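> Before I ask anything, let me first share the structure, which is written out below as structure tokens.
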Amino acid sequence: MSAAPRIDLHAHSTASDGTLSPAELVRAAAESGLDVVAITDHDTTAGWAPALRALPTGLSLVRGAELSCRWYGERSTLSLHLLAYLFDPEAPELVAELARVRAAREERGERIVALLRADGIDVSWPQILTGAAGGTVGRPHIAQALIRAGLVTTTAEAFGAAWLGERYRLPKEDIDVFRAVRLVRAAGGVPVLAHPLASRRGRVAPDELIAELAAIGLAGLEADHEDHSPAERAHVHALAGELGLLVTGSSDFHGTHKSVRLGAFTTAPEAYERIVAEARGVTGVASG
């Protein structure tokens, strides 16, 4: 009996805040023994073409993105991430929203650097842009500048309260999560809520919100993730079962920005097959 395929549906490249280029990412995925990997950079499809060109034999590529979203509740707002798989990268409304979010993310980054410099911290915005190498600029790029300056030793430290986690944290302009789900579906894609109960990251999505999203087209929940405790994973699995949603498991790989390895968590073939079956955007899954 052949072994089940190893499927990792959440990984980042230098097209956003990963440290491997799209070509390096797919090669690393093959070397780690994966059969399927998804490229899901923040708010961009820029990594799709170079990943496809470098796709090794025997590896399948799911083209996707991780959308920066926000829930606007009655009393407060909540930052959320939506994984979008196999959508049409030329769908006009979604393209426009992603461009707006990328521009807002870059503007926020420049403002954070200005705050740091006002406090006498020697970081350079032009150097941070160079380090991003044309990718979507995010806080991890600023974290790398703080590491280069010798102010912190790790990305985790840079994201602590004394730095980018609180003191120098600014809000960004995200997509309303209900609009995001609808836009992904309209573009033929399949939306899955990323790490919905990762309490170590802060406030989490209430079950009632997830149920409302499921009612308008949310396809699944990412349950098996390094930022979920065993209890949180169990709760996500149970909630997905109640709502008829598929469940994924993923590494959320960022290269050296995080310690997690490709394939640290994986998705069951049945869930992967549901995603492929529901997709109406890009044609199929690319295979090397």
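Chain labels A, B, ... are given in the sequence in which chains occur in the structure tokens; within each chain residues are numbered consecutively from 1, and ligands are likewise numbered from 1 in the order shown.
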Enumerate as an MDAnalysis selection string all residues of segment 45-262 of chain A assigned to strand (DSSP E) by DSSP on the backbone, naming them with the chain letters and numbers the document uses.

chainID A and resid 60:72 77:85 175:176 190:193 220:224 246:249

> Atoms to include: N, CA and C atoms. Write the selected residues as a JSON list (two decimals), in the first residue's frame.


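Resulting contents of out-v5.json:
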[["chain", "number", "residue", "atom", "x", "y", "z"],
["A", 60, "SER", "N", 3.44, 18.93, -6.83],
["A", 60, "SER", "CA", 2.29, 19.69, -7.32],
["A", 60, "SER", "C", 2.22, 21.02, -6.58],
["A", 61, "LEU", "N", 1.85, 22.08, -7.29],
["A", 61, "LEU", "CA", 1.80, 23.42, -6.73],
["A", 61, "LEU", "C", 0.37, 23.94, -6.71],
["A", 62, "VAL", "N", -0.08, 24.33, -5.52],
["A", 62, "VAL", "CA", -1.36, 25.00, -5.36],
["A", 62, "VAL", "C", -1.08, 26.50, -5.29],
["A", 63, "ARG", "N", -1.63, 27.23, -6.23],
["A", 63, "ARG", "CA", -1.39, 28.67, -6.24],
["A", 63, "ARG", "C", -2.41, 29.36, -5.34],
["A", 64, "GLY", "N", -1.92, 30.21, -4.45],
["A", 64, "GLY", "CA", -2.81, 30.86, -3.51],
["A", 64, "GLY", "C", -2.23, 32.15, -2.98],
["A", 65, "ALA", "N", -2.88, 32.69, -1.97],
["A", 65, "ALA", "CA", -2.42, 33.90, -1.29],
["A", 65, "ALA", "C", -3.03, 33.92, 0.10],
["A", 66, "GLU", "N", -2.38, 34.65, 1.00],
["A", 66, "GLU", "CA", -2.93, 34.86, 2.34],
["A", 66, "GLU", "C", -3.38, 36.31, 2.43],
["A", 67, "LEU", "N", -4.69, 36.50, 2.54],
["A", 67, "LEU", "CA", -5.26, 37.83, 2.51],
["A", 67, "LEU", "C", -5.33, 38.43, 3.91],
["A", 68, "SER", "N", -4.90, 39.69, 4.02],
["A", 68, "SER", "CA", -4.97, 40.42, 5.29],
["A", 68, "SER", "C", -6.39, 40.94, 5.47],
["A", 69, "CYS", "N", -7.09, 40.43, 6.47],
["A", 69, "CYS", "CA", -8.50, 40.74, 6.65],
["A", 69, "CYS", "C", -8.77, 41.32, 8.04],
["A", 70, "ARG", "N", -9.95, 41.87, 8.18],
["A", 70, "ARG", "CA", -10.38, 42.40, 9.47],
["A", 70, "ARG", "C", -11.87, 42.19, 9.64],
["A", 71, "TRP", "N", -12.24, 41.82, 10.84],
["A", 71, "TRP", "CA", -13.66, 41.74, 11.21],
["A", 71, "TRP", "C", -14.00, 43.00, 11.98],
["A", 72, "TYR", "N", -15.00, 43.70, 11.50],
["A", 72, "TYR", "CA", -15.43, 44.93, 12.14],
["A", 72, "TYR", "C", -16.63, 44.63, 13.03],
["A", 77, "THR", "N", -12.46, 45.69, 16.54],
["A", 77, "THR", "CA", -12.12, 45.00, 15.30],
["A", 77, "THR", "C", -11.14, 43.87, 15.61],
["A", 78, "LEU", "N", -11.04, 42.94, 14.68],
["A", 78, "LEU", "CA", -10.19, 41.77, 14.88],
["A", 78, "LEU", "C", -9.44, 41.48, 13.58],
["A", 79, "SER", "N", -8.12, 41.36, 13.67],
["A", 79, "SER", "CA", -7.30, 41.02, 12.51],
["A", 79, "SER", "C", -7.40, 39.52, 12.23],
["A", 80, "LEU", "N", -7.63, 39.18, 10.97],
["A", 80, "LEU", "CA", -7.76, 37.77, 10.56],
["A", 80, "LEU", "C", -6.98, 37.56, 9.26],
["A", 81, "HIS", "N", -6.62, 36.31, 9.00],
["A", 81, "HIS", "CA", -5.94, 35.96, 7.76],
["A", 81, "HIS", "C", -6.77, 34.92, 7.03],
["A", 82, "LEU", "N", -6.96, 35.15, 5.74],
["A", 82, "LEU", "CA", -7.76, 34.24, 4.92],
["A", 82, "LEU", "C", -6.88, 33.66, 3.83],
["A", 83, "LEU", "N", -6.74, 32.33, 3.83],
["A", 83, "LEU", "CA", -6.02, 31.65, 2.77],
["A", 83, "LEU", "C", -6.96, 31.47, 1.58],
["A", 84, "ALA", "N", -6.52, 31.92, 0.42],
["A", 84, "ALA", "CA", -7.33, 31.83, -0.79],
["A", 84, "ALA", "C", -6.59, 30.95, -1.80],
["A", 85, "TYR", "N", -7.25, 29.89, -2.24],
["A", 85, "TYR", "CA", -6.60, 28.92, -3.12],
["A", 85, "TYR", "C", -7.22, 28.92, -4.51],
["A", 175, "ILE", "N", -8.80, 44.00, 4.44],
["A", 175, "ILE", "CA", -10.06, 43.78, 3.73],
["A", 175, "ILE", "C", -11.10, 43.28, 4.73],
["A", 176, "ASP", "N", -12.29, 43.82, 4.69],
["A", 176, "ASP", "CA", -13.37, 43.27, 5.51],
["A", 176, "ASP", "C", -13.49, 41.78, 5.22],
["A", 190, "VAL", "N", -11.06, 29.23, -3.41],
["A", 190, "VAL", "CA", -11.56, 28.49, -2.26],
["A", 190, "VAL", "C", -10.97, 29.12, -0.99],
["A", 191, "PRO", "N", -11.80, 29.75, -0.13],
["A", 191, "PRO", "CA", -11.29, 30.44, 1.05],
["A", 191, "PRO", "C", -11.26, 29.56, 2.30],
["A", 192, "VAL", "N", -10.12, 29.60, 2.99],
["A", 192, "VAL", "CA", -9.92, 28.85, 4.23],
["A", 192, "VAL", "C", -9.36, 29.81, 5.28],
["A", 193, "LEU", "N", -9.97, 29.85, 6.46],
["A", 193, "LEU", "CA", -9.52, 30.76, 7.51],
["A", 193, "LEU", "C", -8.24, 30.22, 8.15],
["A", 220, "GLY", "N", -13.25, 26.30, 4.63],
["A", 220, "GLY", "CA", -12.55, 25.46, 5.59],
["A", 220, "GLY", "C", -11.83, 26.26, 6.65],
["A", 221, "LEU", "N", -11.22, 25.51, 7.57],
["A", 221, "LEU", "CA", -10.45, 26.07, 8.68],
["A", 221, "LEU", "C", -9.09, 25.40, 8.74],
["A", 222, "GLU", "N", -8.05, 26.18, 8.99],
["A", 222, "GLU", "CA", -6.72, 25.64, 9.19],
["A", 222, "GLU", "C", -6.60, 25.27, 10.68],
["A", 223, "ALA", "N", -6.59, 23.99, 10.96],
["A", 223, "ALA", "CA", -6.59, 23.53, 12.35],
["A", 223, "ALA", "C", -5.20, 23.19, 12.85],
["A", 224, "ASP", "N", -4.48, 22.40, 12.09],
["A", 224, "ASP", "CA", -3.18, 21.89, 12.53],
["A", 224, "ASP", "C", -2.09, 22.88, 12.12],
["A", 246, "LEU", "N", -14.16, 21.95, 5.56],
["A", 246, "LEU", "CA", -12.97, 21.10, 5.45],
["A", 246, "LEU", "C", -11.91, 21.61, 6.43],
["A", 247, "VAL", "N", -10.95, 20.76, 6.75],
["A", 247, "VAL", "CA", -9.88, 21.09, 7.71],
["A", 247, "VAL", "C", -8.54, 20.92, 7.03],
["A", 248, "THR", "N", -7.67, 21.91, 7.21],
["A", 248, "THR", "CA", -6.32, 21.80, 6.67],
["A", 248, "THR", "C", -5.29, 21.81, 7.79],
["A", 249, "GLY", "N", -4.09, 21.35, 7.43],
["A", 249, "GLY", "CA", -2.94, 21.44, 8.31],
["A", 249, "GLY", "C", -1.77, 21.96, 7.49]]

> Would you pick out the contacts of Thr130 of chain A at 12 Å or less, using only C-alpha atoms, so that residues sharing its chain but fewer than 5 positions from it are not included, and give the list as number ranges by chain?

A: 14, 124-125, 135-137, 141-142, 144-145

> Kindly indicate which residue among A:Glu273, A:Glu93, A:Asp35, A:Glu166 lies nearest to Ala187 of chain A, using only C-alpha atoms for the distances.

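So, comparing all the options, the nearest one is A:Glu93.
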
> Set the distance at 12 Å and use only C-alpha atoms: which residues neighbour Ile147 of chain A once local chain neighbours fewer than 4 positions away are removed? I'd like the list as a ChimeraX atom specification.

/A:121-123,128,140-143,151-159,163,257

> In Å to one decimal, how far is atom CA of Ala162 of chain A from atom CA of Gly150 of chain A?

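Calculated distance between atom CA of Gly150 of chain A and atom CA of Ala162 of chain A is 14.7 Å.
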
> Leaving out Ala46 of chain A and any residue of its chain fewer than 2 positions from it, which residues lie within 7 Å of it when counting only C-alpha atoms, given as an MDAnalysis selection string?

chainID A and resid 15 44 48

> Suppose we keep C-alpha atoms; can you now write the selection as a tab-separated table (two decimals), in the first residue's frame?


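What follows is the written file selection_34.tsv:
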chain	number	residue	atom	x	y	z
A	15	ALA	CA	7.25	37.55	-2.81
A	44	THR	CA	0.12	38.94	-3.77
A	48	TRP	CA	3.23	32.14	-8.82

> Just to confirm, what's the straight-line distance from atom CA of Phe265 of chain A to atom CA of Ser251 of chain A in Å (one decimal)?

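Distance reported for this atom pair: 5.2 Å.
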